[in-house]
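Here is the structure we will look at, set down as structure tokens.
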Amino acid sequence: MKKIITDRPDKIHAETIIVGGGVVGCAIAYELASRGQDVLLVDRSAIAGGTSCAAAGMLAADSEDFAHPLMAKLARQSRQLLHEQQVLMATLSDVEVGLQRHGFLTPFRSYSELSSYKNNRKSALSADEVWWDRSVVQQEAPWLNRDTYGAYYRPYESEILPVHLTKAYAESAQVLGARVMEDIQDIRVQANEHGVQGITTSIGEMRCKHVIIAAGLQSEELMRHVNLSLPVWSVKGEIAAVQFADEHAGYRPDRTVYAEDIYIVPKANGEVWLGATSLPGRTDLNVSVQGVQKLLTAATHWVPGMKEAQFLRAWAGVRPATPDGLPYIGACKSIPGLFAAFGHYRNGILLSAITGRLIAELLAGKSSEELGIEALSPERLNRKGVVQ
Ligand code: GLY
């Protein structure tokens with residue numbers, strides 16, 4: 001990653017400063033830079049060093065069960081936008097994002113499991129999905145458990161390497177003129193009665209017109225510095241990687257399995273990722289035996305040949321959840337110039353592209369109402385900020 005820290009801190013100025021080098025912050029940087037804007041992204045550690053490096057990278061717009069119709073709509077728009085962006089980014093950056101557009105399968109053990117799935121689903125099934133009965137499953141996915149009752153095939157789902165995507169956004173943004181600064185500590189937003197003035201950091205002040213907070217779980221604290229209360233809760237997830245030797249290649253799934261109890265994601269780098277546990281309130285990155293056992297048990301049920309795979313590693317990340325399940329995307333009306341783009345919970349990778357586009361449109365003068373995203377307004381929970 002190219003680092004540009006040439007200016008003396010007291011001279012650093014940008015039109016827009018983005019705080020947070022995860023996939024959302026980098027997608028915003030890319031979108032703004034591609035519109036010719038003067039953008040600086042700062043991160044307290046490294047690009048893709050947090051939650052983005054712990055994701056499975058599924059663009060599961062149809063498979064995820066979004067409670068809010070706006071989220072389902074944005075997810076589909078974002079998946080499409082991301083497909084388009086990666087073509088452009090391939091001309092700007094050498095990072096290979098590993099996009100695979102093979103569609104996803106959601107399998108069921110029995111008719112009653114299928115019925116309860118349909119009854120419990122909050123969002124409408126997409127018109128694009130195709131029902132595969134047992135015989136079609138056996139023919140199209142011979143690696144799947146032969147007792148499977150049937151499966152939905154969702155042809156437009158895709159997946160990507162999450163760290164690579166984040167780096168591709170950051171590098172492409174830099175090629176387009178954005179600056180990126182890593183290892184910047186003690187970041188605080190500076191604001192007065194006129195609104196945002198910039199940020200202070202361990203290496204000095206940086207001045208700007210707009211600050212965008214896209215720092216995942218750290219965002220709550222950054223907002224608290226300017227007396228805004230935008231709660232974010234942690235939901236830890238554990239994920240494991242396996243790989244199949246050549247002699248067992250026939251057992252390897254050739255598309256993602258998105259079951260109720262597990263997702264199994266064959267990645268472009270040859271690995272197969274198994275995710276993820278869900279542990280609310282946990283912020284540590286330890287991986288438990290129980291967690292891995294749960295993943296492997298579910299994975300070997302759906303893909304019996306998984307028993308032959310080689311276990312590679314397991315890791316953990318912490319998803320940033322909000323009280324109402326919606327991300328904060330928009331202007332903080334009580335502090336002119338301050339914007340929020342965090343709280344994407346399970347869907348930061350999927351929603352990164354559309355978040356970048358929405359923030360860019362807001363900066364270009366569009367309102368949340370015009371964009372149809374009032375439901376994501378950062379101050380919707382009525383915790384208005386008071387600038388001191
Ligand atoms: N995106 C799926 C998960 O967070 O587990």
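So you can find residues: chains in the structure tokens are A, B, ... in the order shown, residues in each start at 1, and ligands are numbered from 1 in order.
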
List as a PyMOL selection string the protein and nucleic acid residues near segment 16-25 of chain A, meaning an atom at most 8 Å away when only C-alpha atoms are counted, but skip any in the same chain fewer than 5 places from it. chain A and resi 37-44+46-52+162-163+165-166+169+198+208-216+341-342+348-349+351-353+355-356

Residues up to 10 Å from ligand 1, counting only C-alpha atoms and all ligand atoms: could you list those as JSON, numbers by chain? {"A": [51, 54, 55, 56, 57, 58, 59, 60, 64, 235, 236, 237, 238, 239, 258, 262, 263, 274, 275, 276, 277, 278, 317, 318, 319, 320, 344, 345, 346, 347, 348, 349, 350]}

Might you pull out every residue within 6 Å of segment 242-246 of chain A, with only C-alpha atoms counted and same-chain residues fewer than 2 positions away left off, and present them as a list in words?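 The contact residues come out as His248, Ala249, Glu271, Val272, Ala309, Gln310, Phe311 and Leu312 of chain A.
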
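The residue that comes closest to Leu144 of chain A, out of A:Leu105, A:Ala331, A:Ala316, A:Ile354 and on the basis of only C-alpha atoms, is A:Leu105.
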
Would you return as a PDB file with C-alpha atoms, in the first residue's frame the members of segment 93-333 of chain A that DSSP assigns to strand (DSSP E or B) on this structure's backbone?
ATOM      1  CA  GLN A 100     -16.689 -15.064  -8.705  1.00  0.00           C
ATOM      2  CA  PHE A 104     -25.470 -19.333  -4.334  1.00  0.00           C
ATOM      3  CA  LEU A 105     -27.435 -22.360  -3.137  1.00  0.00           C
ATOM      4  CA  THR A 106     -29.679 -22.329  -0.065  1.00  0.00           C
ATOM      5  CA  PRO A 107     -30.349 -26.011   0.693  1.00  0.00           C
ATOM      6  CA  PHE A 108     -32.962 -27.648   2.956  1.00  0.00           C
ATOM      7  CA  VAL A 130     -34.883 -20.993  -8.988  1.00  0.00           C
ATOM      8  CA  TRP A 131     -36.100 -24.009  -7.002  1.00  0.00           C
ATOM      9  CA  TRP A 132     -33.984 -27.145  -7.476  1.00  0.00           C
ATOM     10  CA  ASP A 133     -35.613 -30.361  -6.306  1.00  0.00           C
ATOM     11  CA  GLY A 150     -34.036 -29.320  -2.390  1.00  0.00           C
ATOM     12  CA  ALA A 151     -32.388 -25.928  -2.695  1.00  0.00           C
ATOM     13  CA  TYR A 152     -32.944 -22.415  -3.927  1.00  0.00           C
ATOM     14  CA  TYR A 153     -30.424 -21.435  -6.561  1.00  0.00           C
ATOM     15  CA  ARG A 154     -29.794 -17.690  -6.679  1.00  0.00           C
ATOM     16  CA  SER A 158     -21.345 -13.495  -6.169  1.00  0.00           C
ATOM     17  CA  GLU A 159     -18.412 -13.301  -3.792  1.00  0.00           C
ATOM     18  CA  ARG A 179      -4.159  10.367  -0.108  1.00  0.00           C
ATOM     19  CA  VAL A 180      -4.009   7.517   2.420  1.00  0.00           C
ATOM     20  CA  MET A 181      -2.340   7.732   5.829  1.00  0.00           C
ATOM     21  CA  ARG A 188     -10.652  13.161  17.170  1.00  0.00           C
ATOM     22  CA  VAL A 189     -13.134  15.194  15.175  1.00  0.00           C
ATOM     23  CA  GLN A 190     -12.813  18.960  15.648  1.00  0.00           C
ATOM     24  CA  ALA A 191     -16.023  20.926  15.411  1.00  0.00           C
ATOM     25  CA  ASN A 192     -17.357  24.260  16.656  1.00  0.00           C
ATOM     26  CA  GLY A 195     -19.537  22.757  12.101  1.00  0.00           C
ATOM     27  CA  VAL A 196     -16.592  20.533  11.264  1.00  0.00           C
ATOM     28  CA  GLN A 197     -13.114  22.111  11.253  1.00  0.00           C
ATOM     29  CA  GLY A 198     -11.010  19.000  10.739  1.00  0.00           C
ATOM     30  CA  ILE A 199      -9.460  16.321  12.907  1.00  0.00           C
ATOM     31  CA  THR A 200      -6.731  16.257  15.522  1.00  0.00           C
ATOM     32  CA  THR A 201      -4.325  13.332  15.576  1.00  0.00           C
ATOM     33  CA  GLY A 204      -1.070  17.100  14.453  1.00  0.00           C
ATOM     34  CA  GLU A 205      -4.173  18.788  13.117  1.00  0.00           C
ATOM     35  CA  MET A 206      -5.638  18.190   9.698  1.00  0.00           C
ATOM     36  CA  ARG A 207      -8.116  20.695   8.319  1.00  0.00           C
ATOM     37  CA  CYS A 208     -11.070  19.937   6.060  1.00  0.00           C
ATOM     38  CA  LYS A 209     -14.633  20.824   5.148  1.00  0.00           C
ATOM     39  CA  HIS A 210     -16.133  17.365   5.596  1.00  0.00           C
ATOM     40  CA  VAL A 211     -15.326  14.477   7.914  1.00  0.00           C
ATOM     41  CA  ILE A 212     -16.773  11.059   7.181  1.00  0.00           C
ATOM     42  CA  ILE A 213     -16.681   8.582  10.018  1.00  0.00           C
ATOM     43  CA  TRP A 233     -22.779  -3.112  19.305  1.00  0.00           C
ATOM     44  CA  SER A 234     -20.257  -5.826  18.689  1.00  0.00           C
ATOM     45  CA  VAL A 235     -21.230  -9.228  17.321  1.00  0.00           C
ATOM     46  CA  LYS A 236     -18.164 -11.381  17.044  1.00  0.00           C
ATOM     47  CA  GLY A 237     -17.917 -13.986  14.296  1.00  0.00           C
ATOM     48  CA  GLU A 238     -15.502 -16.880  13.828  1.00  0.00           C
ATOM     49  CA  ILE A 239     -14.586 -18.196  10.393  1.00  0.00           C
ATOM     50  CA  ALA A 240     -12.430 -21.088   9.173  1.00  0.00           C
ATOM     51  CA  ALA A 241     -10.585 -21.928   5.963  1.00  0.00           C
ATOM     52  CA  VAL A 242      -9.992 -25.367   4.445  1.00  0.00           C
ATOM     53  CA  GLN A 243      -8.619 -26.562   1.156  1.00  0.00           C
ATOM     54  CA  THR A 256     -21.394 -20.923  -2.328  1.00  0.00           C
ATOM     55  CA  VAL A 257     -23.730 -22.797   0.007  1.00  0.00           C
ATOM     56  CA  TYR A 258     -25.741 -20.307   2.031  1.00  0.00           C
ATOM     57  CA  TYR A 263     -22.139 -20.595   4.701  1.00  0.00           C
ATOM     58  CA  ILE A 264     -19.505 -22.447   2.688  1.00  0.00           C
ATOM     59  CA  VAL A 265     -17.676 -20.183   0.253  1.00  0.00           C
ATOM     60  CA  PRO A 266     -15.236 -21.540  -2.349  1.00  0.00           C
ATOM     61  CA  VAL A 272     -13.013 -22.751   0.998  1.00  0.00           C
ATOM     62  CA  TRP A 273     -14.192 -20.467   3.819  1.00  0.00           C
ATOM     63  CA  LEU A 274     -16.695 -21.615   6.425  1.00  0.00           C
ATOM     64  CA  GLY A 275     -18.592 -19.037   8.440  1.00  0.00           C
ATOM     65  CA  LEU A 279     -21.428 -14.011  19.518  1.00  0.00           C
ATOM     66  CA  PRO A 280     -23.107 -10.746  20.590  1.00  0.00           C
ATOM     67  CA  GLN A 310      -7.190 -29.970   4.874  1.00  0.00           C
ATOM     68  CA  PHE A 311      -7.877 -27.559   7.734  1.00  0.00           C
ATOM     69  CA  LEU A 312      -5.900 -24.344   7.149  1.00  0.00           C
ATOM     70  CA  ARG A 313      -6.741 -21.779   9.815  1.00  0.00           C
ATOM     71  CA  ALA A 314      -9.506 -20.000  11.704  1.00  0.00           C
ATOM     72  CA  TRP A 315      -9.865 -16.364  12.632  1.00  0.00           C
ATOM     73  CA  ALA A 316     -12.389 -13.945  14.082  1.00  0.00           C
ATOM     74  CA  GLY A 317     -13.797 -10.498  13.480  1.00  0.00           C
ATOM     75  CA  VAL A 318     -16.303  -8.231  15.158  1.00  0.00           C
ATOM     76  CA  ARG A 319     -19.350  -7.003  13.266  1.00  0.00           C
ATOM     77  CA  PRO A 320     -20.624  -3.500  14.084  1.00  0.00           C
ATOM     78  CA  ALA A 321     -24.388  -3.718  14.751  1.00  0.00           C
ATOM     79  CA  TYR A 328     -25.869   4.961   9.874  1.00  0.00           C
ATOM     80  CA  ILE A 329     -25.416   6.549   6.459  1.00  0.00           C
ATOM     81  CA  GLY A 330     -25.901  10.276   6.119  1.00  0.00           C
ATOM     82  CA  ALA A 331     -25.171  13.779   7.328  1.00  0.00           C
TER      83      ALA A 331
END

List the neighbours of segment 110-113 of chain A out to 10 Å using only C-alpha atoms; skip same-chain residues closer than 5 positions along the sequence, and give me the result as a PyMOL selection string. chain A and resi 118-119+147-150+260

Have a look at A:Glu96, A:Ala298, A:Lys73, A:Leu176 and name the one nearest to Arg35 of chain A; count only C-alpha atoms.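 Checking each candidate against Arg35 of chain A, we get A:Leu176 as the closest.
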
Could you state the separation of atom CA of Arg255 of chain A and atom CA of His102 of chain A in Å, given to one decimal place? 5.7 Å

I need the helix (DSSP H, G or I) residues of segment 75-205 of chain A per DSSP on the backbone, written as a ChimeraX atom specification. /A:75-89,111-120,134-140,162-175

Do you have the atom CA of Leu74 of chain A-atom CA of Gly337 of chain A distance handy?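 So the two atoms, atom CA of Leu74 of chain A and atom CA of Gly337 of chain A, lie 24.0 Å apart.
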
Separating atom CA of Asn145 of chain A from atom CA of His301 of chain A, to the nearest tenth of an Å, is a gap of 6.8 Å
